[in-house]
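A quick write-up on the structure given underneath.
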Amino acid sequence: MCGRFTLTVTWEDLMERYLIDPESTSPFHTPRYNIAPTQMVTAVIHDGVRRRIGQLRWGLVPSWSRDSSGAAKMINARSETLDEKPAFKTPFLRKRCLIPADGFYEWQRTVDAKTPHRIGMKDGGIFSMAGLYDMWTAPDGSKLSTCTVITTRPNQLMERIHDRMPVILSPEDEALWLSRSAGPGDLKQLLGPFPTVEMTATVVGTSVNSVKNDTPDCIRPITG
């Protein structure tokens with residue numbers, strides 16, 4: 001699964017990376033070092049005219065849900081069954097998003113410990129995790145916009161750490177993922193593991209284990 005990630009860049013970095021007009025929205029992002037489920041995350045969608053950036057709550061609540069209690073169990077969607085599961089089938093066809101990150105965490109299990117790793121691009125840059133979103137209307141009429149991160153099988157870097165990894169889209173595939181005219185066949189071809197050669201993994205300290213910690217200490221490499 002993908003249960004924590006980072007986005008330590010500036011608002012200006014996001015605007016430039018995703019080619020979004022700064023005048024189209026008010027700044028809301030500050031550097032984040034330990035983003036966790038049920039928190040608000042930055043997401044990019046296409047409204048049919050242009051790209052838009054905003055916030056979604058992490059943990060999908062399908063539009064047809066009776067309540068929002070299952071959100072914490074819907075932080076990830078397996079790529080292999082997107083068009084089979086009722087919660088993901090419609091969003092996969094109509095409500096896809098990019099979830100920007102510059103690293104994600106995974107814990108490597110050993111006999112007597114779980115070692116946290118931060119995984120990202122070798123150049124340290126922003127990358128896009130493939131996501132789905134939906135809007136749920138509560139009984140009182142209030143609306144809740146939520147999202148989930150799609151996962152896939154691990155690449156060679158990840159397989160020694162965990163058996164799943166987020167689907168990371170190459171920059172040239174991001175437009176297709178957001179396109180409202182894209183078909184399921186073309187979209188499924190984007191859901192494989194990202195090339196190992198472009199990624200790196202670093203052991204970090206256990207401060208990341210607690211969602212209460214959201215400081216640069218979470219991403220500090222452990223050496224020796």
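Chain identifiers are assigned as A, B, and so on, following the order in which chains appear in the structure tokens; residues are numbered from 1 within each chain, and ligands are numbered from 1 in order of appearance.
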
Run DSSP on the backbone and tell me which residues of stretch 104-169 of chain A come out as strand (DSSP E or B); list them as an NGL selection string.
:A and (104-109 or 114-121 or 127-137 or 143-152 or 165-166 or 168-169)

For those residues, write N, CA and C atoms to a file as a CSV table (one decimal), in the first residue's frame.
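So selection-v3.csv came out as:
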```csv
chain,number,residue,atom,x,y,z
A,104,PHE,N,7.6,9.1,-1.2
A,104,PHE,CA,6.6,8.4,-0.4
A,104,PHE,C,7.3,7.4,0.6
A,105,TYR,N,6.7,7.0,1.6
A,105,TYR,CA,7.3,6.2,2.7
A,105,TYR,C,6.8,4.8,2.5
A,106,GLU,N,7.7,3.8,2.8
A,106,GLU,CA,7.3,2.5,3.0
A,106,GLU,C,8.2,1.8,4.1
A,107,TRP,N,7.6,0.9,4.8
A,107,TRP,CA,8.3,0.2,5.9
A,107,TRP,C,8.8,-1.2,5.5
A,108,GLN,N,10.1,-1.5,5.6
A,108,GLN,CA,10.6,-2.8,5.2
A,108,GLN,C,10.6,-3.6,6.5
A,109,ARG,N,9.9,-4.7,6.4
A,109,ARG,CA,9.7,-5.6,7.6
A,109,ARG,C,10.9,-6.6,7.7
A,114,LYS,N,10.6,-2.8,11.8
A,114,LYS,CA,10.1,-2.3,10.5
A,114,LYS,C,10.9,-1.0,10.3
A,115,THR,N,11.6,-1.0,9.2
A,115,THR,CA,12.5,0.1,8.9
A,115,THR,C,11.9,1.1,7.9
A,116,PRO,N,11.7,2.3,8.2
A,116,PRO,CA,11.0,3.3,7.2
A,116,PRO,C,12.0,3.7,6.2
A,117,HIS,N,11.5,3.7,4.9
A,117,HIS,CA,12.3,4.2,3.8
A,117,HIS,C,11.5,5.4,3.1
A,118,ARG,N,12.2,6.4,2.6
A,118,ARG,CA,11.6,7.4,1.8
A,118,ARG,C,12.0,7.1,0.3
A,119,ILE,N,11.1,7.0,-0.6
A,119,ILE,CA,11.3,6.6,-2.0
A,119,ILE,C,10.9,7.8,-2.8
A,120,GLY,N,11.7,8.1,-3.8
A,120,GLY,CA,11.4,9.1,-4.8
A,120,GLY,C,12.3,9.1,-6.0
A,121,MET,N,12.3,10.2,-6.7
A,121,MET,CA,13.1,10.3,-7.9
A,121,MET,C,14.6,10.6,-7.5
A,127,PHE,N,6.9,14.3,-8.6
A,127,PHE,CA,6.3,13.3,-9.5
A,127,PHE,C,4.8,13.2,-9.2
A,128,SER,N,4.1,12.6,-10.1
A,128,SER,CA,2.6,12.5,-10.0
A,128,SER,C,2.2,11.0,-9.7
A,129,MET,N,1.5,10.8,-8.6
A,129,MET,CA,0.9,9.5,-8.4
A,129,MET,C,-0.5,9.5,-9.0
A,130,ALA,N,-0.9,8.5,-9.7
A,130,ALA,CA,-2.2,8.4,-10.3
A,130,ALA,C,-3.3,8.2,-9.2
A,131,GLY,N,-4.3,9.0,-9.3
A,131,GLY,CA,-5.4,9.0,-8.3
A,131,GLY,C,-6.8,9.0,-8.9
A,132,LEU,N,-7.7,8.7,-8.1
A,132,LEU,CA,-9.1,8.8,-8.4
A,132,LEU,C,-9.8,9.7,-7.4
A,133,TYR,N,-10.9,10.4,-7.8
A,133,TYR,CA,-11.6,11.2,-6.8
A,133,TYR,C,-13.1,11.0,-7.0
A,134,ASP,N,-13.8,11.4,-6.0
A,134,ASP,CA,-15.3,11.4,-6.0
A,134,ASP,C,-15.8,12.4,-5.0
A,135,MET,N,-17.1,12.7,-5.2
A,135,MET,CA,-17.7,13.7,-4.3
A,135,MET,C,-18.9,13.0,-3.6
A,136,TRP,N,-19.0,13.1,-2.3
A,136,TRP,CA,-20.1,12.5,-1.5
A,136,TRP,C,-20.9,13.6,-0.9
A,137,THR,N,-22.2,13.5,-0.9
A,137,THR,CA,-23.1,14.4,-0.3
A,137,THR,C,-23.6,13.9,1.0
A,143,LYS,N,-20.9,18.8,1.2
A,143,LYS,CA,-20.2,17.9,0.2
A,143,LYS,C,-18.8,17.7,0.7
A,144,LEU,N,-18.3,16.5,0.4
A,144,LEU,CA,-17.0,16.0,0.7
A,144,LEU,C,-16.3,15.5,-0.5
A,145,SER,N,-15.2,16.1,-0.9
A,145,SER,CA,-14.4,15.6,-2.0
A,145,SER,C,-13.2,14.8,-1.5
A,146,THR,N,-13.1,13.6,-2.0
A,146,THR,CA,-12.1,12.7,-1.5
A,146,THR,C,-11.3,12.0,-2.6
A,147,CYS,N,-10.2,11.3,-2.3
A,147,CYS,CA,-9.4,10.7,-3.3
A,147,CYS,C,-8.8,9.4,-2.8
A,148,THR,N,-8.2,8.7,-3.7
A,148,THR,CA,-7.4,7.5,-3.4
A,148,THR,C,-6.2,7.4,-4.3
A,149,VAL,N,-5.2,6.8,-3.9
A,149,VAL,CA,-3.9,6.6,-4.7
A,149,VAL,C,-4.0,5.2,-5.2
A,150,ILE,N,-3.7,5.1,-6.5
A,150,ILE,CA,-3.7,3.7,-7.2
A,150,ILE,C,-2.3,3.1,-7.0
A,151,THR,N,-2.4,1.8,-6.7
A,151,THR,CA,-1.1,1.0,-6.5
A,151,THR,C,-1.0,-0.1,-7.5
A,152,THR,N,0.3,-0.5,-7.7
A,152,THR,CA,0.6,-1.6,-8.6
A,152,THR,C,1.7,-2.5,-8.1
A,165,MET,N,3.5,-0.6,-4.8
A,165,MET,CA,4.0,0.7,-4.8
A,165,MET,C,2.9,1.6,-5.5
A,166,PRO,N,2.9,2.9,-5.3
A,166,PRO,CA,2.0,3.7,-6.0
A,166,PRO,C,2.2,3.8,-7.5
A,168,ILE,N,3.1,5.7,-10.5
A,168,ILE,CA,3.7,6.9,-10.8
A,168,ILE,C,3.7,7.2,-12.3
A,169,LEU,N,3.1,8.3,-12.7
A,169,LEU,CA,3.0,8.6,-14.1
A,169,LEU,C,4.2,9.4,-14.6
```

Sorted by chain and rising residue number, list the residues of stretch 105-185 of chain A at most 8 Å from stretch 32-55 of chain A (counting only C-alpha atoms), each with its closest atom pair and distance in Å to one decimal, as a Markdown table.
```
| residue | atom | partner | partner_atom | distance |
| --- | --- | --- | --- | --- |
| A:Leu178 | CA | A:His46 | CA | 5.9 |
| A:Ser179 | CA | A:His46 | CA | 7.2 |
| A:Arg180 | CA | A:Gly48 | CA | 7.1 |
```

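Here atom CA of A:Gly125 is placed at a distance of 11.9 Å from atom CA of A:Thr10.
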
Which of stretch 64-103 of chain A fall in alpha helix (DSSP H), as a ChimeraX atom specification
/A:86-94

How would the residues just chosen look if you wrote them out with C-alpha atoms as a short mmCIF file (atom, residue, chain, number, x, y, z; two decimals), in the first residue's frame?
```cif
data_model
loop_
_atom_site.label_atom_id
_atom_site.label_comp_id
_atom_site.auth_asym_id
_atom_site.auth_seq_id
_atom_site.Cartn_x
_atom_site.Cartn_y
_atom_site.Cartn_z
CA PRO A 86 -17.91 -0.66 -7.45
CA ALA A 87 -16.11 2.09 -5.51
CA PHE A 88 -13.53 2.63 -8.26
CA LYS A 89 -15.24 1.69 -11.51
CA THR A 90 -16.95 5.01 -12.23
CA PRO A 91 -14.12 7.26 -10.94
CA PHE A 92 -11.67 5.30 -13.11
CA LEU A 93 -13.69 6.20 -16.18
CA ARG A 94 -14.63 9.79 -15.26
#
```

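Each of A:Ala175, A:Val167, A:Ala71, A:Ala101 was checked against A:Leu191 using only C-alpha atoms; the smallest atom-to-atom distance is that of A:Val167.
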